[in-house]
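Enquirer: Structure file model35.tsv (TSV, C-alpha atoms and all ligand atoms) is given on the next line.
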```
chain	number	residue	atom	x	y	z
A	1397	MET	CA	102.43	63.63	102.22
A	1398	LYS	CA	104.47	65.53	99.67
A	1399	ARG	CA	105.42	68.97	100.95
A	1400	ILE	CA	104.61	71.99	98.82
A	1401	GLY	CA	106.28	75.37	99.15
A	1402	ARG	CA	106.02	78.49	97.03
A	1403	LEU	CA	107.75	81.63	95.93
A	1404	ALA	CA	105.32	84.55	95.87
A	1405	PRO	CA	106.99	87.67	94.49
A	1406	SER	CA	105.08	90.93	94.06
A	1407	PRO	CA	105.86	92.88	90.90
A	1408	THR	CA	106.91	95.98	92.83
A	1409	GLY	CA	110.20	96.33	90.97
A	1410	ALA	CA	113.35	94.32	90.40
A	1411	LEU	CA	114.24	91.62	92.91
A	1412	HIS	CA	117.02	92.48	95.30
A	1413	LEU	CA	119.19	90.49	97.66
A	1414	GLY	CA	116.62	90.62	100.45
A	1415	ASN	CA	113.96	88.89	98.34
A	1416	ILE	CA	116.45	86.35	97.05
A	1417	ARG	CA	117.70	85.31	100.47
A	1418	THR	CA	114.17	84.36	101.51
A	1419	PHE	CA	113.50	82.60	98.20
A	1420	LEU	CA	116.78	80.73	98.53
A	1421	ILE	CA	115.72	79.36	101.90
A	1422	ALA	CA	112.20	78.52	100.67
A	1423	TRP	CA	113.44	76.78	97.52
A	1424	LEU	CA	116.22	74.81	99.21
A	1425	GLN	CA	113.93	73.69	102.01
A	1426	MET	CA	111.54	72.08	99.55
A	1427	ARG	CA	114.19	70.67	97.23
A	1428	ARG	CA	115.98	69.15	100.21
A	1429	ALA	CA	112.71	67.58	101.41
A	1430	GLY	CA	111.87	66.28	97.91
A	1431	GLY	CA	108.87	68.62	97.84
A	1432	LYS	CA	107.42	70.88	95.19
A	1433	VAL	CA	107.95	74.61	94.68
A	1434	LEU	CA	105.15	76.68	93.16
A	1435	MET	CA	105.57	80.11	91.58
A	1436	ARG	CA	102.89	82.71	92.19
A	1437	ILE	CA	103.03	86.32	91.08
A	1438	GLU	CA	101.10	88.50	93.50
A	1439	ASP	CA	99.90	91.00	90.96
A	1440	LEU	CA	96.61	92.18	92.43
A	1441	ASP	CA	96.28	95.89	91.81
A	1442	HIS	CA	98.59	97.83	94.04
A	1443	PRO	CA	99.96	101.36	93.68
A	1444	LYS	CA	103.51	100.05	94.15
A	1445	HIS	CA	103.31	97.56	91.27
A	1446	LYS	CA	105.33	98.34	88.16
A	1447	ALA	CA	104.26	97.34	84.66
A	1448	GLY	CA	106.50	94.64	83.20
A	1449	ALA	CA	108.20	93.87	86.53
A	1450	ASP	CA	106.92	90.28	86.50
A	1451	ALA	CA	108.89	89.29	83.39
A	1452	GLY	CA	112.07	90.80	84.85
A	1453	LEU	CA	111.74	89.05	88.16
A	1454	LEU	CA	111.22	85.63	86.58
A	1455	GLU	CA	114.27	86.25	84.41
A	1456	ASP	CA	116.36	87.10	87.48
A	1457	LEU	CA	115.21	83.95	89.24
A	1458	VAL	CA	116.03	81.71	86.28
A	1459	TRP	CA	119.43	83.36	85.96
A	1460	LEU	CA	120.16	82.46	89.58
A	1461	GLY	CA	119.10	78.84	88.97
A	1462	PHE	CA	115.61	78.78	90.46
A	1463	ASP	CA	113.00	76.53	88.94
A	1464	TRP	CA	109.46	75.65	89.91
A	1465	ASP	CA	106.85	72.99	89.40
A	1466	GLY	CA	103.86	73.67	87.18
A	1467	PRO	CA	102.76	76.89	85.53
A	1468	VAL	CA	103.31	80.36	86.96
A	1469	LEU	CA	100.14	81.37	88.83
A	1470	ARG	CA	98.98	84.95	88.70
A	1471	GLN	CA	96.66	86.38	91.29
A	1472	SER	CA	95.12	88.74	88.75
A	1473	ALA	CA	93.66	85.66	87.02
A	1474	ARG	CA	92.11	84.28	90.20
A	1475	LEU	CA	89.74	87.05	91.29
A	1476	PRO	CA	86.58	84.86	91.25
A	1477	LEU	CA	88.11	82.61	93.92
A	1478	TYR	CA	88.79	85.56	96.23
A	1479	ARG	CA	85.31	87.02	95.66
A	1480	ASP	CA	83.80	83.67	96.55
A	1481	ALA	CA	85.84	83.60	99.78
A	1482	LEU	CA	84.63	87.14	100.57
A	1483	ARG	CA	81.03	85.98	100.30
A	1484	ARG	CA	81.77	83.14	102.69
A	1485	LEU	CA	83.29	85.56	105.21
A	1486	ALA	CA	80.19	87.76	105.41
A	1487	PRO	CA	79.09	89.70	107.36
A	1488	LEU	CA	81.80	92.30	106.81
A	1489	TYR	CA	81.45	95.97	107.62
A	1490	PRO	CA	82.46	99.00	105.57
A	1491	CYS	CA	85.14	101.28	106.98
A	1492	PHE	CA	85.86	104.80	105.76
A	1493	CYS	CA	88.74	105.66	108.09
A	1494	SER	CA	91.94	106.95	106.53
A	1495	ARG	CA	95.32	105.79	107.75
A	1496	ALA	CA	95.67	109.14	109.51
A	1497	ASP	CA	92.33	108.58	111.30
A	1498	ILE	CA	93.52	105.20	112.56
A	1499	GLN	CA	96.91	106.57	113.52
A	1500	GLY	CA	95.28	109.43	115.38
A	1501	ALA	CA	93.27	106.99	117.46
A	1502	GLN	CA	96.32	105.32	119.01
A	1503	SER	CA	99.99	105.67	119.79
A	1504	ALA	CA	102.34	105.10	116.83
A	1505	PRO	CA	103.12	101.44	116.22
A	1506	HIS	CA	106.61	100.26	117.14
A	1507	PRO	CA	108.86	99.18	114.26
A	1508	GLY	CA	107.76	95.78	112.98
A	1509	GLU	CA	104.22	96.30	114.19
A	1510	VAL	CA	101.18	97.05	112.11
A	1511	LEU	CA	98.54	99.61	112.77
A	1512	ARG	CA	95.82	98.06	114.92
A	1513	TYR	CA	92.32	99.04	113.90
A	1514	PRO	CA	90.34	100.23	116.92
A	1515	GLY	CA	86.93	99.36	115.45
A	1516	THR	CA	85.78	102.93	114.79
A	1517	CYS	CA	83.35	102.04	111.96
A	1518	ARG	CA	82.04	98.85	113.53
A	1519	GLY	CA	78.34	99.17	114.21
A	1520	ARG	CA	78.07	102.58	112.51
A	1521	ALA	CA	74.63	102.91	110.99
A	1522	ARG	CA	75.65	105.34	108.27
A	1523	PRO	CA	79.04	105.69	106.64
A	1524	PRO	CA	80.58	109.11	107.35
A	1525	ALA	CA	82.01	109.46	103.81
A	1526	PRO	CA	79.82	107.54	101.37
A	1527	ASP	CA	81.71	108.98	98.38
A	1528	ARG	CA	84.89	107.15	99.36
A	1529	VAL	CA	85.54	103.52	98.44
A	1530	PRO	CA	85.06	101.54	101.63
A	1531	ALA	CA	87.54	99.08	103.09
A	1532	TRP	CA	85.66	95.96	104.16
A	1533	ARG	CA	86.67	94.68	107.56
A	1534	LEU	CA	86.06	91.35	109.22
A	1535	PRO	CA	84.48	91.82	112.66
A	1536	LEU	CA	86.51	89.59	114.98
A	1537	THR	CA	84.72	87.60	117.66
A	1538	ALA	CA	86.00	85.96	120.83
A	1539	GLN	CA	86.40	82.71	118.86
A	1540	ASP	CA	88.92	84.27	116.48
A	1541	ASP	CA	92.32	83.73	118.01
A	1542	GLY	CA	95.18	83.62	115.48
A	1543	ARG	CA	97.95	82.72	117.89
A	1544	TYR	CA	100.27	80.04	116.53
A	1545	VAL	CA	103.76	78.62	116.77
A	1546	ASP	CA	105.99	79.83	113.97
A	1547	ALA	CA	108.43	77.09	112.94
A	1548	PHE	CA	111.27	79.61	112.76
A	1549	ALA	CA	110.24	82.66	114.79
A	1550	GLY	CA	108.67	80.67	117.66
A	1551	ALA	CA	105.44	81.07	119.61
A	1552	GLN	CA	103.32	84.07	118.60
A	1553	THR	CA	101.43	85.07	121.68
A	1554	GLN	CA	99.30	87.94	120.42
A	1555	THR	CA	95.84	87.29	119.03
A	1556	ALA	CA	94.59	88.81	115.79
A	1557	ALA	CA	92.48	91.21	117.87
A	1558	GLN	CA	95.65	92.44	119.58
A	1559	ARG	CA	97.80	92.56	116.46
A	1560	THR	CA	95.57	93.96	113.74
A	1561	GLY	CA	92.09	94.34	115.18
A	1562	ASP	CA	89.26	93.92	112.64
A	1563	PHE	CA	91.39	93.69	109.51
A	1564	VAL	CA	90.69	94.60	105.89
A	1565	VAL	CA	89.69	91.76	103.56
A	1566	ALA	CA	88.70	93.91	100.55
A	1567	ARG	CA	88.82	97.48	99.28
A	1568	GLY	CA	85.72	98.19	97.32
A	1569	GLU	CA	85.48	95.19	94.99
A	1570	ASP	CA	89.16	94.32	95.29
A	1571	PRO	CA	90.19	91.50	97.60
A	1572	ALA	CA	93.00	92.36	100.01
A	1573	TYR	CA	96.41	90.76	99.76
A	1574	ALA	CA	96.02	88.99	103.13
A	1575	LEU	CA	92.93	87.15	101.89
A	1576	ALA	CA	94.25	86.30	98.41
A	1577	VAL	CA	97.37	84.68	99.87
A	1578	VAL	CA	95.32	82.47	102.17
A	1579	VAL	CA	92.93	81.41	99.41
A	1580	ASP	CA	95.80	80.63	97.03
A	1581	ASP	CA	98.00	78.78	99.48
A	1582	ALA	CA	95.05	76.62	100.53
A	1583	ALA	CA	93.81	76.02	96.96
A	1584	THR	CA	97.24	74.91	95.78
A	1585	GLY	CA	97.94	72.65	98.76
A	1586	VAL	CA	100.87	74.65	100.13
A	1587	THR	CA	102.18	73.01	103.31
A	1588	ASP	CA	105.07	75.35	104.13
A	1589	VAL	CA	105.14	79.13	103.84
A	1590	VAL	CA	108.63	80.61	104.08
A	1591	ARG	CA	108.61	84.41	103.85
A	1592	GLY	CA	110.06	87.57	105.33
A	1593	ASP	CA	109.21	88.41	108.92
A	1594	ASP	CA	107.78	91.76	107.83
A	1595	ILE	CA	104.59	89.71	107.31
A	1596	LEU	CA	104.69	88.16	110.79
A	1597	PRO	CA	102.32	90.78	112.30
A	1598	VAL	CA	99.51	89.96	109.85
A	1599	THR	CA	99.88	86.20	110.17
A	1600	PRO	CA	97.44	85.91	113.12
A	1601	ALA	CA	94.86	87.59	110.87
A	1602	GLN	CA	95.61	85.06	108.14
A	1603	ILE	CA	95.25	82.17	110.61
A	1604	VAL	CA	91.81	83.55	111.50
A	1605	LEU	CA	90.93	83.53	107.79
A	1606	TYR	CA	91.99	79.89	107.45
A	1607	HIS	CA	89.70	78.93	110.30
A	1608	ARG	CA	86.78	81.07	109.16
A	1609	LEU	CA	87.00	79.50	105.69
A	1610	GLY	CA	87.26	75.97	107.09
A	1611	LEU	CA	90.86	75.55	105.86
A	1612	THR	CA	93.96	74.18	107.57
A	1613	PRO	CA	96.83	76.65	107.99
A	1614	PRO	CA	100.25	75.64	106.64
A	1615	THR	CA	103.44	75.67	108.69
A	1616	PHE	CA	104.84	79.21	108.70
A	1617	TRP	CA	108.55	80.00	108.70
A	1618	HIS	CA	109.17	83.74	109.01
A	1619	MET	CA	112.75	84.64	108.19
A	1620	PRO	CA	114.62	87.76	109.35
A	1621	LEU	CA	115.05	90.45	106.72
A	1622	VAL	CA	118.23	91.69	105.12
A	1623	VAL	CA	119.19	95.16	106.37
A	1624	GLY	CA	121.84	97.70	105.44
A	1625	PRO	CA	124.76	98.68	107.70
A	1626	ASP	CA	122.44	101.26	109.33
A	1627	GLY	CA	120.09	98.49	110.47
A	1628	ARG	CA	117.31	99.60	108.16
A	1629	ARG	CA	115.60	97.32	105.71
A	1630	LEU	CA	117.61	96.93	102.49
A	1631	ALA	CA	116.61	99.69	100.07
A	1632	LYS	CA	117.95	102.03	97.42
A	1633	ARG	CA	119.79	104.14	99.99
A	1634	HIS	CA	122.13	101.14	100.54
A	1635	GLY	CA	123.27	101.08	96.90
A	1636	ASP	CA	122.04	98.99	94.06
A	1637	THR	CA	121.42	95.46	95.37
A	1638	ARG	CA	119.08	94.49	92.56
A	1639	ILE	CA	119.96	91.17	90.97
A	1640	ALA	CA	119.65	92.76	87.52
A	1641	ALA	CA	122.29	95.35	88.48
A	1642	TYR	CA	124.79	92.69	89.60
A	1643	ARG	CA	124.10	90.75	86.44
A	1644	ALA	CA	124.68	93.84	84.29
A	1645	ALA	CA	127.95	94.47	86.17
A	1646	GLY	CA	129.17	90.96	85.30
A	1647	VAL	CA	128.89	89.44	88.79
A	1648	PRO	CA	128.37	85.68	88.32
A	1649	PRO	CA	125.31	84.12	90.01
A	1650	GLY	CA	127.49	81.82	92.12
A	1651	ARG	CA	129.01	84.77	93.97
A	1652	ILE	CA	125.59	86.08	94.94
A	1653	LEU	CA	124.37	82.62	95.96
A	1654	ALA	CA	127.55	81.92	97.94
A	1655	ALA	CA	127.31	85.21	99.83
A	1656	LEU	CA	123.69	84.50	100.77
A	1657	ALA	CA	124.46	80.88	101.65
A	1658	ARG	CA	127.23	82.05	104.00
A	1659	SER	CA	124.74	84.41	105.64
A	1660	CYS	CA	122.74	81.28	106.52
A	1661	GLY	CA	125.77	79.56	108.02
A	1662	TRP	CA	126.41	77.25	105.05
A	1663	LYS	CA	129.76	76.81	103.32
A	1664	ALA	CA	129.71	77.68	99.64
A	1665	SER	CA	132.28	78.52	96.98
A	1666	PRO	CA	131.79	81.43	94.59
A	1667	ASP	CA	131.27	79.06	91.67
A	1668	THR	CA	128.38	77.28	93.36
A	1669	THR	CA	125.08	76.66	91.61
A	1670	LEU	CA	121.77	76.75	93.41
A	1671	ARG	CA	121.49	72.96	93.06
A	1672	ASP	CA	124.90	72.47	94.68
A	1673	LEU	CA	123.49	74.11	97.79
A	1674	ILE	CA	120.70	71.57	98.31
A	1675	PRO	CA	122.79	69.28	100.55
A	1676	CYS	CA	124.07	72.29	102.56
A	1677	PHE	CA	120.59	73.35	103.58
A	1678	ASP	CA	120.23	73.44	107.36
A	1679	LEU	CA	117.69	75.64	109.12
A	1680	SER	CA	119.41	75.35	112.47
A	1681	THR	CA	122.37	77.48	111.37
A	1682	ILE	CA	120.30	80.42	110.10
A	1683	PRO	CA	120.71	83.35	112.50
A	1684	HIS	CA	117.56	84.74	114.08
A	1685	GLU	CA	118.78	88.32	113.73
A	1686	PRO	CA	118.46	90.40	110.56
A	1687	PHE	CA	121.33	89.85	108.15
A	1688	VAL	CA	123.44	92.97	107.66
A	1689	TRP	CA	124.47	93.35	104.03
A	1690	HIS	CA	127.41	95.29	102.63
A	1691	ASP	CA	128.86	94.80	99.17
A	1692	ALA	CA	132.22	93.59	100.52
A	1693	LEU	CA	130.43	90.32	101.33
A	1694	LEU	CA	130.13	89.54	97.65
B	1	LIG	N1	104.03	88.86	97.85
B	1	LIG	C1	104.53	89.11	99.15
B	1	LIG	C2	105.81	89.91	99.06
B	1	LIG	O1	106.43	89.97	98.02
B	1	LIG	C3	104.81	87.82	99.89
B	1	LIG	C4	103.58	87.21	100.39
B	1	LIG	C5	103.78	85.90	101.10
B	1	LIG	O2	104.84	85.28	100.94
B	1	LIG	O3	102.85	85.46	101.76
B	1	LIG	O4	106.17	90.52	100.05
```
Translate the structure of the given file into structure tokens.
Ligand code: GLU
Expert:
Amino acid sequence: MKRIGRLAPSPTGALHLGNIRTFLIAWLQMRRAGGKVLMRIEDLDHPKHKAGADAGLLEDLVWLGFDWDGPVLRQSARLPLYRDALRRLAPLYPCFCSRADIQGAQSAPHPGEVLRYPGTCRGRARPPAPDRVPAWRLPLTAQDDGRYVDAFAGAQTQTAAQRTGDFVVARGEDPAYALAVVVDDAATGVTDVVRGDDILPVTPAQIVLYHRLGLTPPTFWHMPLVVGPDGRRLAKRHGDTRIAAYRAAGVPPGRILAALARSCGWKASPDTTLRDLIPCFDLSTIPHEPFVWHDALL
């Protein structure tokens, strides 16, 4: 069977080194295996999305040497598929809790954990705030497990009930990200999902969705994130690590690719192209710890 991977950027702003390192691994894995790479823009409405960011991120990827098979898919054009999946997941229940309500009901999550929903609105006869748009949650049953073995991060021993509790599959009429990703990956035959391990905590919930919808989950590879010297996730406070900024400053793409390749334990010269790296690809040398970035690595 031909393997199919995908790059799934969200148009939240310009791509930075953290995004690119994960995409590099995802792309090389498929190219090395003779598989396909799909491109999907995750542009469902989200307050963090920026207008026009999708054109910029595709430009950055092409500049670095990425290519993909078939047309660019856009989630905003696929709403009927997600709505159909929502109907198949029924019954759902409406939830009117705010984040603060949920936070107040439990101790603060540890870093890398998500807020677990304690089920406050489950079985409520009347919504407490009918003027607010409800979040629609999937009531988990004893059959919903969600534990799985991650091909990179190893065995995940917590069930969806322990990780997320009854999770959100839609807000009002809008399908949630966690559902859209599952529907899309299944519909496009994706066999391998390589992505940042910030999404690891919601993966058991996504596995539950695969099973509830009668779909087969792909193999998941959750990769450690890139962090700054302070150990925190790469962000503006660590300087400008956007690809567009390096490009504007005249940094050639090979230097960026080589620095990221070295972070994965692969030898690469600063004039490398992305294609040159295909034979270097080796998952076994990628460290399991977050990669600490500082500009001197460039
Ligand atoms: N669009 C998500 C992001 O940019 C990635 C989702 C996924 O790979 O499943 O963080």
Enquirer: With distances taken over all atoms listed in the file, which residue among A:Val1586, A:Leu1469, A:Ala1645, A:Ala1574 lies nearest ligand LIG 1 (chain B)?
Expert: A:Ala1574
Enquirer: 8 Å from ligand LIG 1 (chain B) is the threshold here; counting only C-alpha atoms and all ligand atoms, which polymer residues fall inside it? Answer as JSON, numbers by chain.
Expert: {"A": [1402, 1403, 1404, 1405, 1406, 1407, 1408, 1415, 1437, 1438, 1574, 1577, 1589, 1590, 1591, 1592, 1595]}
Enquirer: Neighbourhood query: residues within 12 Å of (127.9, 80.6, 100.6), file coordinates, counting all atoms listed in the file; return as a ChimeraX atom specification.
Expert: /A:1417,1420,1649-1670,1672-1674,1676-1677,1693-1694
Enquirer: Pick out the closest residue to Met1435 of chain A from this set: A:Thr1584, A:Thr1612, A:Thr1516, A:Ser1472. Count all atoms listed in the file.
Expert: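 Of the candidates, the smallest distance to Met1435 of chain A is held by A:Thr1584.
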Enquirer: So that each row is one residue of segment 1516-1591 of chain A with an atom at most 6 Å from segment 1598-1611 of chain A, can you give its shortest atom pair and the distance in Å to one decimal, using all atoms listed in the file, rows by chain and rising number, as a tab-separated table?
Expert:
```
residue	atom	partner	partner_atom	distance
A:Asp1540	CA	A:Val1604	CA	5.8
A:Gly1542	CA	A:Pro1600	CA	4.0
A:Arg1543	CA	A:Pro1600	CA	5.8
A:Ala1556	CA	A:Pro1600	CA	4.9
```
Enquirer: Box along x, y and z, 3 Å on every side, all listed atoms of segment 1450-1466 of chain A inside: centre and edge lengths in Å to one decimal, as JSON.
Expert:
```
{"center_x": 112.0, "center_y": 81.9, "center_z": 86.9, "size_x": 22.3, "size_y": 23.8, "size_z": 13.1}
```
Enquirer: Find the residues near Leu1453 of chain A: any atom within 8 Å, counting only C-alpha atoms, skip ones fewer than 6 places away on the same chain, and give them as a CSV table (one decimal) with C-alpha atoms, keeping the file's coordinate frame.
Expert:
```csv
chain,number,residue,atom,x,y,z
A,1407,PRO,CA,105.9,92.9,90.9
A,1409,GLY,CA,110.2,96.3,91.0
A,1410,ALA,CA,113.4,94.3,90.4
A,1411,LEU,CA,114.2,91.6,92.9
```
Enquirer: Ranking A:Ala1473, A:Val1458, A:Ile1421, A:Cys1491 by minimum distance to His1618 of chain A and counting only C-alpha atoms, which one comes first?
Expert: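 Smallest separation from His1618 of chain A among the options: A:Ile1421.
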Enquirer: Need to verify the contact set: His1634 of chain A, 10 Å, all atoms listed in the file, exclusion of same-chain residues closer than 5 positions in sequence. Can you return it as a list in words?
Expert: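 Close residues of His1634 of chain A: Val1623, Gly1624, Pro1625, Asp1626, Arg1628, Arg1629, Trp1689, His1690 and Asp1691 of chain A.
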Enquirer: What would the list of residues within 6 Å of (107.2, 71.6, 103.5) (file frame) look like as a PyMOL selection string, if all atoms listed in the file are what count?
Expert: chain A and resi 1399-1401+1426+1587-1588
Enquirer: Write a file of the selected residues as a compact mmCIF listing (two decimals), in the coordinates of the input, keeping C-alpha atoms.
Expert:
```
# COMPACT_ATOMS: atom_id res chain seq x y z
CA ARG A 1399 105.42 68.97 100.95
CA ILE A 1400 104.61 71.99 98.82
CA GLY A 1401 106.28 75.37 99.15
CA MET A 1426 111.54 72.08 99.55
CA THR A 1587 102.18 73.01 103.31
CA ASP A 1588 105.07 75.35 104.13
```
Enquirer: With distances taken over only C-alpha atoms, which residue among A:Arg1470, A:Arg1567, A:Arg1643, A:Arg1533 lies nearest Asp1580 of chain A?
Expert: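 Of the candidates, the smallest distance to Asp1580 of chain A is held by A:Arg1470.
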Enquirer: How many Å lie between atom CA of Phe1492 of chain A and atom CA of Arg1518 of chain A, rounded to one decimal?
Expert: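 Separation of atom CA of Phe1492 of chain A and atom CA of Arg1518 of chain A: 10.5 Å.
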Enquirer: Under the rule that only C-alpha atoms are counted, which of A:Val1468, A:Val1510, A:Leu1460, A:Ala1531 is the nearest residue to Ala1572 of chain A?
Expert: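 Between A:Val1468, A:Val1510, A:Leu1460, A:Ala1531, the residue approaching Ala1572 of chain A most closely is A:Ala1531.
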Enquirer: Considering all atoms listed in the file, can you say which of A:Gly1430, A:Thr1681, A:Pro1613, A:Pro1535 comes closest to Val1578 of chain A?
Expert: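 When distances to Val1578 of chain A are compared using all atoms listed in the file, the smallest one comes from A:Pro1613.
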Enquirer: Atom CA of Cys1517 of chain A and atom CA of Tyr1573 of chain A, how far apart in Å?
Expert: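 Going from atom CA of Tyr1573 of chain A over to atom CA of Cys1517 of chain A covers 21.1 Å.
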Enquirer: Take atom CA of Phe1462 of chain A and atom CA of Asp1636 of chain A and report the distance between them in Å, one decimal.
Expert: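 Separating atom CA of Phe1462 of chain A from atom CA of Asp1636 of chain A is a distance of 21.5 Å.
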